[in-house]
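Below is one structure, written out as structure tokens; comments come after it.
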Amino acid sequence: MKFTRKKLHYDDQLIQLIERYQNDFYRLAYSYTKNEQDALDVVQDSIQKAMQSYEKLIEKEKLKSWFYKIVVHTSLDFLRKHKRVQVMEDEQLQANQRNFHDAYENVDLEHALDDLPTIYREVVILRFFEDLKIEDIAFILEENTNTIKTRLYKALRLLRADLKTEEEF
Amino acid sequence: MNPKLKKERTAYKNTPIPPELQQMVRKELGTKKKNYRPYWMSAAIAAAIIALFVTLNTNASVARAMGGMPVVGHVFQAMTFQYEDEQYAADIKTPKVRDLENKDVEQTLNEKYEKEAKEQYTKFEQRMKALKGEGHASVTSDYRVLQDTKQLLVIERETTETEASSATTLQYDVVDPTLKQVITLPSLFKNKDYVQVISDEIKQQMKKQMADSKGEKVYFIKGMNSESTDGFDQIQANQSFYINKKHELVISFNEYEVAPGSMGPVKFVIPTKAIQSLLVSNQYIR
């Protein structure tokens with residue numbers, strides 16, 4: 001009985017986290033899949049994975065980063081499995097964008113980030129859009145902090161984002 | 001942040017969220033939650049939701065069954081307001097205290113919990129009405145017993161209201177089960193000097209955290225620079241607080257109160273040595 005209660009309590013933490021940050025997790029998934037339904041599938045898969053392996057997570061304070069990690073892995077797995085589908089989606093996306101071109105003010109900027117290879121795009125998103133620390137990003141992407149810093153630096157250069165204001169990652 | 005990156009960030013944050021997300025998440029989490037309950041109970045809860053949409057229990061024995069928690073100590077789950085459809089959800093759990101030596105305190109607390117839960121639910125219904133079937137809204141309210149010892153009972157209540165964005169508030173009740181009084185912040189101190197001393201301590205901690213985290217953590221402090229005309233200046237005389245297991249005073253702020261929303265609700269542990277000279281006694285705080 002005691003054990004069950006404990007499990008329930010921990011589960012509550014996970015449930016609260018997912019409920020609270022579901023939009024953030026979705027946006028991150030979408031940044032990989034570029035498709036609503038696929039992003040939803042990724043989030044759904046991620047929740048199931050998290051529920052299954054939650055008990056194995058020892059450092060509960062890393063819960064949020066840990067969930068981001070699952071979302072990233074699940075998204076990358078998804079892209080690997082659906083490479084052909086992805087190409088078609090892109091074409092469709094471009095076709096759609098042509099129609100909506102006038103509505104997009106900052107179409108160039110959106111493309112700039114979208115055009116970056118995944119390894120650069122994801123560090124920018126995690127650092128500047130999701131406001132995560134370098135150490136957390138290193139944990140999520142399973143790289144060391146120097147690699148992450150180098151990638152960020154390069155990503156900002158590719159975006160031609162002014163580095164002066166971004167000296168402190 | 002440079003303007004180019006800022007624009008990219010805005011575009012990213014504006015990624016449309018499909019309404020199916022919340023439904024799917026709730027379904028995934030809901031299924032899992034139920035696994036831990038005896039099957040008859042989930043059936044009972046489901047039945048209650050379908051039949052009434054709102055479940056209200058003031059009867060203690062029913063409340064125990066609904067909460068699924070054995071009654072240990074001074075607190076048990078008394079009332080649950082639940083509502084759920086595809087767009088709107090409410091889940092308001094309310095604690096009830098019992099076996100306090102002083103029945104007045106017990107009654108005051110319980111009446112407050114009941115009243116506030118009903119108010120939260122009424123507010124939710126009003127928001128639902130105002131939205132006229134558009135959009136999404138939810139309210140969840142839950143409590144945690146932070147301490148339940150012979151000397152101290154500390155109950156934390158957390159409420160999150162979600163519409164386009166969410167706001168979380170934390171409330172505490174600190175009770176000495178043997179005494180006639182709910183412990184208030186002023187009652188711990190000899191005079192009003194504590195407001196200034198604790199405020200200064202918090203400002204120092206805020207500044208230190210901001211410096212140490214190299215900008216990861218952000219607090220709004222009044223007068224920090226020319227732009228910060230509002231922000232944290234002083235705690236209120238009856239600021240939200242509790243006493244942790246190490247017998248330290250903890251001051252709590254709601255989401256958005258002293259920091260951007262991304263920081264959530266924030267808490268500061270006040271080292272006892274900073275306030276020692278002002279304390280009435282070391283009975284609770286050491």
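Going by the structure tokens order, chains are called A, B, ..., each with residues numbered from 1, while ligands are numbered from 1 in the order shown.
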Contact residues around Lys217 (chain B) with only C-alpha atoms at 8 Å, ignoring same-chain residues under 6 positions, as number ranges by chain: B: 209-210, 263
Shell around Pro117 (chain A) at 12 Å using only C-alpha atoms, local window under 5 positions removed, as number ranges by chain: A: 31-32, 111-112, 122-124, 151, 154-155, 158-159
Output N, CA and C atoms for every residue in the selection just made, as a JSON list (two decimals), in the first residue's frame.
```json
[["chain", "number", "residue", "atom", "x", "y", "z"],
["A", 31, "SER", "N", 8.44, 21.47, -34.40],
["A", 31, "SER", "CA", 9.62, 22.03, -35.05],
["A", 31, "SER", "C", 10.40, 20.94, -35.79],
["A", 32, "TYR", "N", 10.19, 19.69, -35.41],
["A", 32, "TYR", "CA", 10.82, 18.59, -36.14],
["A", 32, "TYR", "C", 9.91, 18.06, -37.25],
["A", 111, "HIS", "N", 12.06, 31.09, -42.81],
["A", 111, "HIS", "CA", 12.84, 30.16, -43.60],
["A", 111, "HIS", "C", 14.26, 30.06, -43.10],
["A", 112, "ALA", "N", 14.78, 31.16, -42.67],
["A", 112, "ALA", "CA", 16.16, 31.15, -42.22],
["A", 112, "ALA", "C", 16.38, 30.08, -41.15],
["A", 122, "GLU", "N", 17.87, 22.83, -33.58],
["A", 122, "GLU", "CA", 17.37, 22.39, -32.28],
["A", 122, "GLU", "C", 18.06, 23.11, -31.11],
["A", 123, "VAL", "N", 19.35, 23.43, -31.26],
["A", 123, "VAL", "CA", 20.01, 24.12, -30.15],
["A", 123, "VAL", "C", 19.47, 25.54, -29.98],
["A", 124, "VAL", "N", 19.19, 26.19, -31.13],
["A", 124, "VAL", "CA", 18.62, 27.55, -31.06],
["A", 124, "VAL", "C", 17.25, 27.50, -30.38],
["A", 151, "ARG", "N", 27.90, 24.59, -31.43],
["A", 151, "ARG", "CA", 26.76, 24.54, -32.36],
["A", 151, "ARG", "C", 25.93, 25.82, -32.30],
["A", 154, "LYS", "N", 27.76, 28.54, -34.09],
["A", 154, "LYS", "CA", 27.67, 28.38, -35.54],
["A", 154, "LYS", "C", 26.25, 28.69, -36.02],
["A", 155, "ALA", "N", 25.25, 28.23, -35.27],
["A", 155, "ALA", "CA", 23.86, 28.45, -35.66],
["A", 155, "ALA", "C", 23.56, 29.94, -35.76],
["A", 158, "LEU", "N", 25.08, 31.33, -38.81],
["A", 158, "LEU", "CA", 24.30, 30.97, -39.99],
["A", 158, "LEU", "C", 23.05, 31.83, -40.13],
["A", 159, "LEU", "N", 22.48, 32.14, -38.97],
["A", 159, "LEU", "CA", 21.27, 32.99, -38.99],
["A", 159, "LEU", "C", 21.62, 34.45, -39.18]]
```
Atomic separation - CA of Val145 (chain B) relative to CA of Pro95 (chain B), Å: 9.3 Å
Could you give me, as a PDB file with C-alpha atoms, in the first residue's frame, the residues within 12 Å of region 132-138 of chain A, counting only C-alpha atoms and dropping anything in the same chain fewer than 5 positions from it?
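Listed below is the output, result_36.pdb:
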```pdb
ATOM      1  CA  ASP A  24       5.852  23.651 -25.184  1.00  0.00           C
ATOM      2  CA  GLU A  61      14.636  17.305 -10.545  1.00  0.00           C
ATOM      3  CA  LYS A  62      15.613  16.829 -14.172  1.00  0.00           C
ATOM      4  CA  LEU A  63      12.044  15.842 -14.976  1.00  0.00           C
ATOM      5  CA  LYS A  64      11.345  18.613 -17.463  1.00  0.00           C
ATOM      6  CA  SER A  65      14.624  18.191 -19.335  1.00  0.00           C
ATOM      7  CA  TRP A  66      14.069  14.477 -19.307  1.00  0.00           C
ATOM      8  CA  PHE A  67      10.704  14.913 -20.986  1.00  0.00           C
ATOM      9  CA  TYR A  68      12.206  17.248 -23.595  1.00  0.00           C
ATOM     10  CA  LYS A  69      14.788  14.546 -24.236  1.00  0.00           C
ATOM     11  CA  VAL A  72      13.519  15.058 -29.186  1.00  0.00           C
ATOM     12  CA  ILE A 119      21.552  19.934 -35.216  1.00  0.00           C
ATOM     13  CA  GLU A 122      17.370  22.392 -32.275  1.00  0.00           C
ATOM     14  CA  VAL A 123      20.006  24.125 -30.149  1.00  0.00           C
ATOM     15  CA  VAL A 124      18.623  27.547 -31.062  1.00  0.00           C
ATOM     16  CA  ILE A 125      15.090  26.433 -30.195  1.00  0.00           C
ATOM     17  CA  LEU A 126      16.069  24.839 -26.903  1.00  0.00           C
ATOM     18  CA  ARG A 127      18.312  27.687 -25.809  1.00  0.00           C
ATOM     19  CA  GLU A 143      26.372  15.872 -26.118  1.00  0.00           C
ATOM     20  CA  ASN A 144      28.912  17.695 -23.979  1.00  0.00           C
ATOM     21  CA  THR A 145      28.435  21.358 -23.160  1.00  0.00           C
ATOM     22  CA  ASN A 146      31.286  22.510 -25.430  1.00  0.00           C
ATOM     23  CA  THR A 147      29.694  20.837 -28.420  1.00  0.00           C
ATOM     24  CA  ILE A 148      26.431  22.602 -27.649  1.00  0.00           C
ATOM     25  CA  LYS A 149      28.156  25.961 -27.317  1.00  0.00           C
ATOM     26  CA  THR A 150      29.993  25.458 -30.615  1.00  0.00           C
ATOM     27  CA  ARG A 151      26.764  24.543 -32.363  1.00  0.00           C
ATOM     28  CA  LEU A 152      24.963  27.534 -30.932  1.00  0.00           C
ATOM     29  CA  GLU A 168      26.517  34.947 -22.947  1.00  0.00           C
ATOM     30  CA  PHE A 169      24.638  31.885 -24.023  1.00  0.00           C
TER      31      PHE A 169
ATOM     32  CA  SER B 213      22.547  31.914 -13.153  1.00  0.00           C
ATOM     33  CA  LYS B 214      23.901  34.419 -15.698  1.00  0.00           C
ATOM     34  CA  GLY B 215      20.480  35.610 -16.632  1.00  0.00           C
ATOM     35  CA  GLU B 216      18.724  32.232 -16.537  1.00  0.00           C
ATOM     36  CA  LYS B 217      16.701  33.406 -13.599  1.00  0.00           C
ATOM     37  CA  SER B 262       8.365  31.186 -17.076  1.00  0.00           C
ATOM     38  CA  MET B 263       9.710  31.090 -13.509  1.00  0.00           C
TER      39      MET B 263
END
```
Neighbours of chain A in chain B at 9 Å, counting only C-alpha atoms, as an MDAnalysis selection string: chainID B and resid 1:18 20:22 24:26 28:29 32:33 36 69 166 214:216 262
Store the residues picked out above in a file with C-alpha atoms, as a CSV table (one decimal), in the first residue's frame.
```
chain,number,residue,atom,x,y,z
B,1,MET,CA,17.9,39.4,-27.5
B,2,ASN,CA,18.7,40.5,-31.0
B,3,PRO,CA,15.7,41.5,-33.1
B,4,LYS,CA,16.1,38.7,-35.7
B,5,LEU,CA,16.2,36.0,-33.0
B,6,LYS,CA,13.3,37.7,-31.2
B,7,LYS,CA,11.2,37.5,-34.4
B,8,GLU,CA,12.0,33.9,-34.8
B,9,ARG,CA,11.1,33.3,-31.2
B,10,THR,CA,7.8,35.0,-31.6
B,11,ALA,CA,7.0,32.9,-34.7
B,12,TYR,CA,8.0,29.8,-32.8
B,13,LYS,CA,5.9,30.6,-29.8
B,14,ASN,CA,2.9,31.3,-32.2
B,15,THR,CA,3.0,27.8,-33.6
B,16,PRO,CA,-0.7,27.1,-33.6
B,17,ILE,CA,-1.7,24.5,-30.9
B,18,PRO,CA,-4.4,22.2,-32.3
B,20,GLU,CA,-6.9,17.9,-30.1
B,21,LEU,CA,-3.7,18.3,-28.1
B,22,GLN,CA,-5.3,18.9,-24.8
B,24,MET,CA,-5.2,13.7,-26.3
B,25,VAL,CA,-3.0,14.6,-23.3
B,26,ARG,CA,-5.9,14.4,-20.9
B,28,GLU,CA,-3.3,9.7,-22.1
B,29,LEU,CA,-2.9,10.9,-18.5
B,32,LYS,CA,-2.8,6.1,-16.6
B,33,LYS,CA,-4.1,7.7,-13.5
B,36,TYR,CA,-3.7,3.1,-9.8
B,69,MET,CA,-6.3,7.8,0.4
B,166,SER,CA,-2.0,29.8,-17.2
B,214,LYS,CA,23.9,34.4,-15.7
B,215,GLY,CA,20.5,35.6,-16.6
B,216,GLU,CA,18.7,32.2,-16.5
B,262,SER,CA,8.4,31.2,-17.1
```
9 Å contact set for Ser252 (chain B), only C-alpha atoms, chain neighbours under 3 positions out, as an mmCIF file with N, CA and C atoms, in the first residue's frame:
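That gives us result-v5.cif:
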```cif
data_model
loop_
_atom_site.group_PDB
_atom_site.id
_atom_site.type_symbol
_atom_site.label_atom_id
_atom_site.label_comp_id
_atom_site.auth_asym_id
_atom_site.auth_seq_id
_atom_site.Cartn_x
_atom_site.Cartn_y
_atom_site.Cartn_z
ATOM 1 N N LEU B 170 -0.304 29.877 -5.040
ATOM 2 C CA LEU B 170 -0.057 28.970 -3.921
ATOM 3 C C LEU B 170 -0.564 29.632 -2.648
ATOM 4 N N GLN B 171 -1.256 28.858 -1.839
ATOM 5 C CA GLN B 171 -1.720 29.382 -0.559
ATOM 6 C C GLN B 171 -1.315 28.417 0.553
ATOM 7 N N TYR B 172 -1.042 28.964 1.713
ATOM 8 C CA TYR B 172 -0.615 28.105 2.818
ATOM 9 C C TYR B 172 -1.449 28.357 4.065
ATOM 10 N N GLN B 239 2.168 38.185 3.985
ATOM 11 C CA GLN B 239 2.631 37.456 2.801
ATOM 12 C C GLN B 239 2.463 35.937 2.986
ATOM 13 N N SER B 240 2.216 35.249 1.882
ATOM 14 C CA SER B 240 2.137 33.789 1.897
ATOM 15 C C SER B 240 3.432 33.189 2.458
ATOM 16 N N PHE B 241 3.325 32.295 3.415
ATOM 17 C CA PHE B 241 4.536 31.711 3.998
ATOM 18 C C PHE B 241 4.206 30.325 4.541
ATOM 19 N N TYR B 242 5.247 29.559 4.826
ATOM 20 C CA TYR B 242 5.084 28.355 5.625
ATOM 21 C C TYR B 242 6.399 28.044 6.321
ATOM 22 N N PRO B 265 5.556 29.898 -9.846
ATOM 23 C CA PRO B 265 5.530 30.474 -8.503
ATOM 24 C C PRO B 265 6.921 30.304 -7.891
ATOM 25 N N VAL B 266 7.363 31.265 -7.096
ATOM 26 C CA VAL B 266 8.715 31.155 -6.528
ATOM 27 C C VAL B 266 8.694 31.227 -5.001
ATOM 28 N N LYS B 267 9.685 30.582 -4.388
ATOM 29 C CA LYS B 267 9.773 30.529 -2.935
ATOM 30 C C LYS B 267 11.171 30.932 -2.487
ATOM 31 N N PHE B 268 11.262 31.528 -1.331
ATOM 32 C CA PHE B 268 12.557 31.875 -0.767
ATOM 33 C C PHE B 268 12.655 31.364 0.663
ATOM 34 N N VAL B 269 13.717 30.616 0.934
ATOM 35 C CA VAL B 269 13.962 30.166 2.295
ATOM 36 C C VAL B 269 14.732 31.273 3.005
#
```
Pick from B:Glu201, B:Glu248, B:Asp104, B:Asp91, whichever lies nearest to Glu161 (chain B) using only C-alpha atoms: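 Going through B:Glu201, B:Glu248, B:Asp104, B:Asp91 one by one, the smallest distance to Glu161 (chain B) is for B:Asp91.
Pairwise distance (CA of Gln13 (chain A), CA of Lys123 (chain B)) equals 26.0 Å.
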Exercise: Val182 (chain B) partners within 9 Å, only C-alpha atoms, chain neighbours under 3 positions left out, as a ChimeraX atom specification: /B:105,109,173-177,179
Selection export as a tab-separated table (two decimals), in the first residue's frame, atoms kept: C-alpha atoms:
```
chain	number	residue	atom	x	y	z
B	105	VAL	CA	-9.80	26.70	14.12
B	109	LEU	CA	-10.34	26.37	8.06
B	173	ASP	CA	-2.19	27.45	6.16
B	174	VAL	CA	0.15	26.96	9.09
B	175	VAL	CA	-1.49	25.61	12.21
B	176	ASP	CA	-0.25	24.52	15.59
B	177	PRO	CA	-2.65	21.65	16.33
B	179	LEU	CA	-3.04	25.96	19.90
```
Of the listed residues A:Arg157, A:Lys60, A:Phe139, A:Tyr54, that which approaches Tyr120 (chain A) most closely, counting only C-alpha atoms: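 Using only C-alpha atoms, Tyr120 (chain A) sits closest to A:Arg157.
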Those of region 47-235 of chain B in DSSP strand (DSSP E), formatted as a PyMOL selection string: chain B and resi 75-84+88-97+137-148+153-162+166-175
Take the residues from that selection and put them in a file with N, CA and C atoms, as a compact mmCIF listing (two decimals), in the first residue's frame.
```
# COMPACT_ATOMS: atom_id res chain seq x y z
N VAL B 75 -5.46 15.68 7.95
CA VAL B 75 -6.05 16.20 6.72
C VAL B 75 -6.58 15.07 5.85
N PHE B 76 -7.75 15.25 5.30
CA PHE B 76 -8.22 14.30 4.29
C PHE B 76 -8.93 15.05 3.18
N GLN B 77 -9.12 14.37 2.08
CA GLN B 77 -9.76 15.01 0.94
C GLN B 77 -11.26 15.01 1.15
N ALA B 78 -11.85 16.18 1.08
CA ALA B 78 -13.26 16.27 1.40
C ALA B 78 -14.13 16.42 0.17
N MET B 79 -13.84 17.41 -0.60
CA MET B 79 -14.72 17.72 -1.71
C MET B 79 -13.98 17.63 -3.02
N THR B 80 -14.68 17.19 -4.02
CA THR B 80 -14.11 17.22 -5.35
C THR B 80 -15.15 17.81 -6.29
N PHE B 81 -14.78 18.86 -6.95
CA PHE B 81 -15.64 19.38 -8.01
C PHE B 81 -14.98 18.94 -9.31
N GLN B 82 -15.74 18.26 -10.11
CA GLN B 82 -15.16 17.86 -11.39
C GLN B 82 -16.11 18.17 -12.52
N TYR B 83 -15.52 18.61 -13.60
CA TYR B 83 -16.30 18.83 -14.81
C TYR B 83 -15.36 18.57 -15.95
N GLU B 84 -15.87 17.92 -16.97
CA GLU B 84 -14.99 17.72 -18.11
C GLU B 84 -15.80 17.55 -19.37
N TYR B 88 -13.60 22.21 -21.84
CA TYR B 88 -13.46 22.78 -20.51
C TYR B 88 -13.27 21.69 -19.46
N ALA B 89 -12.45 21.99 -18.50
CA ALA B 89 -12.23 21.01 -17.45
C ALA B 89 -12.01 21.69 -16.11
N ALA B 90 -12.61 21.13 -15.11
CA ALA B 90 -12.37 21.61 -13.75
C ALA B 90 -12.10 20.41 -12.87
N ASP B 91 -11.10 20.54 -12.01
CA ASP B 91 -10.82 19.48 -11.05
C ASP B 91 -10.35 20.16 -9.77
N ILE B 92 -11.27 20.33 -8.88
CA ILE B 92 -10.96 21.08 -7.66
C ILE B 92 -11.02 20.15 -6.46
N LYS B 93 -9.88 19.89 -5.89
CA LYS B 93 -9.81 19.03 -4.71
C LYS B 93 -9.66 19.90 -3.49
N THR B 94 -10.42 19.59 -2.49
CA THR B 94 -10.42 20.43 -1.30
C THR B 94 -10.06 19.61 -0.07
N PRO B 95 -9.14 20.11 0.73
CA PRO B 95 -8.79 19.38 1.95
C PRO B 95 -9.79 19.67 3.05
N LYS B 96 -9.81 18.79 4.02
CA LYS B 96 -10.59 19.06 5.20
C LYS B 96 -9.72 18.64 6.39
N VAL B 97 -9.68 19.47 7.41
CA VAL B 97 -8.88 19.10 8.58
C VAL B 97 -9.79 18.52 9.64
N ALA B 137 -10.70 26.27 -21.49
CA ALA B 137 -10.44 26.81 -20.16
C ALA B 137 -10.40 25.66 -19.17
N SER B 138 -9.55 25.79 -18.18
CA SER B 138 -9.54 24.77 -17.16
C SER B 138 -9.11 25.36 -15.83
N VAL B 139 -9.49 24.70 -14.78
CA VAL B 139 -9.01 25.06 -13.46
C VAL B 139 -8.70 23.77 -12.71
N THR B 140 -7.51 23.71 -12.12
CA THR B 140 -7.21 22.57 -11.27
C THR B 140 -6.73 23.12 -9.93
N SER B 141 -7.19 22.47 -8.89
CA SER B 141 -6.81 22.91 -7.57
C SER B 141 -6.53 21.67 -6.75
N ASP B 142 -5.40 21.67 -6.09
CA ASP B 142 -5.03 20.50 -5.31
C ASP B 142 -4.30 20.96 -4.05
N TYR B 143 -4.10 20.04 -3.13
CA TYR B 143 -3.40 20.46 -1.92
C TYR B 143 -2.36 19.42 -1.56
N ARG B 144 -1.37 19.85 -0.80
CA ARG B 144 -0.35 18.95 -0.28
C ARG B 144 -0.17 19.26 1.20
N VAL B 145 0.03 18.22 1.96
CA VAL B 145 0.31 18.43 3.38
C VAL B 145 1.84 18.49 3.50
N LEU B 146 2.36 19.66 3.77
CA LEU B 146 3.82 19.82 3.81
C LEU B 146 4.37 19.34 5.15
N GLN B 147 3.57 19.49 6.18
CA GLN B 147 4.01 19.04 7.50
C GLN B 147 2.78 18.64 8.29
N ASP B 148 2.87 17.55 9.01
CA ASP B 148 1.79 17.19 9.91
C ASP B 148 2.43 16.51 11.13
N LEU B 153 1.12 21.89 11.54
CA LEU B 153 0.39 21.36 10.40
C LEU B 153 0.49 22.41 9.31
N VAL B 154 1.06 22.04 8.16
CA VAL B 154 1.20 23.00 7.07
C VAL B 154 0.54 22.44 5.82
N ILE B 155 -0.44 23.17 5.34
CA ILE B 155 -1.17 22.73 4.15
C ILE B 155 -0.91 23.71 3.02
N GLU B 156 -0.49 23.17 1.89
CA GLU B 156 -0.28 24.02 0.72
C GLU B 156 -1.40 23.76 -0.28
N ARG B 157 -1.99 24.81 -0.79
CA ARG B 157 -3.00 24.63 -1.83
C ARG B 157 -2.53 25.31 -3.12
N GLU B 158 -2.60 24.57 -4.21
CA GLU B 158 -2.11 25.10 -5.47
C GLU B 158 -3.27 25.14 -6.47
N THR B 159 -3.47 26.30 -7.06
CA THR B 159 -4.55 26.44 -8.04
C THR B 159 -3.97 26.93 -9.35
N THR B 160 -4.30 26.26 -10.43
CA THR B 160 -3.86 26.70 -11.75
C THR B 160 -5.07 26.95 -12.63
N GLU B 161 -5.15 28.15 -13.14
CA GLU B 161 -6.22 28.48 -14.06
C GLU B 161 -5.62 28.63 -15.45
N THR B 162 -6.22 27.98 -16.40
CA THR B 162 -5.69 28.03 -17.76
C THR B 162 -6.74 28.59 -18.70
N SER B 166 -1.52 30.29 -18.48
CA SER B 166 -1.96 29.77 -17.20
C SER B 166 -1.39 30.59 -16.06
N ALA B 167 -2.08 30.57 -14.95
CA ALA B 167 -1.60 31.28 -13.77
C ALA B 167 -1.75 30.37 -12.57
N THR B 168 -0.67 30.26 -11.80
CA THR B 168 -0.70 29.38 -10.64
C THR B 168 -0.58 30.20 -9.37
N THR B 169 -1.43 29.90 -8.42
CA THR B 169 -1.30 30.56 -7.12
C THR B 169 -1.09 29.50 -6.04
N LEU B 170 -0.30 29.88 -5.04
CA LEU B 170 -0.06 28.97 -3.92
C LEU B 170 -0.56 29.63 -2.65
N GLN B 171 -1.26 28.86 -1.84
CA GLN B 171 -1.72 29.38 -0.56
C GLN B 171 -1.32 28.42 0.55
N TYR B 172 -1.04 28.96 1.71
CA TYR B 172 -0.62 28.10 2.82
C TYR B 172 -1.45 28.36 4.06
N ASP B 173 -1.63 27.30 4.83
CA ASP B 173 -2.19 27.45 6.16
C ASP B 173 -1.24 26.77 7.12
N VAL B 174 -0.78 27.50 8.10
CA VAL B 174 0.15 26.96 9.09
C VAL B 174 -0.56 26.95 10.43
N VAL B 175 -0.69 25.76 11.00
CA VAL B 175 -1.49 25.61 12.21
C VAL B 175 -0.68 24.86 13.26
```
Pick from A:Leu116, A:Val42, A:Leu141, A:Leu17 nearest to Phe78 (chain A), counting only C-alpha atoms: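 Looking at the shortest contact to Phe78 (chain A), the residue is A:Val42.
Take CA of Ser187 (chain B) and CA of Ile221 (chain B): the distance between them is 26.8 Å.
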Contact residues around Gln234 (chain B) with only C-alpha atoms at 8 Å, ignoring same-chain residues under 6 positions, as a ChimeraX atom specification: /B:195-196,199-200
I need the residues from that last selection saved to file as a PDB file, in the first residue's frame (with C-alpha atoms), if you can.
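As a result, selection-v8.pdb now contains:
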```
ATOM      1  CA  VAL B 195       8.752  43.169   6.754  1.00  0.00           C
ATOM      2  CA  GLN B 196      11.854  45.183   5.925  1.00  0.00           C
ATOM      3  CA  SER B 199      12.264  41.943   2.049  1.00  0.00           C
ATOM      4  CA  ASP B 200      15.938  42.888   2.055  1.00  0.00           C
TER       5      ASP B 200
END
```
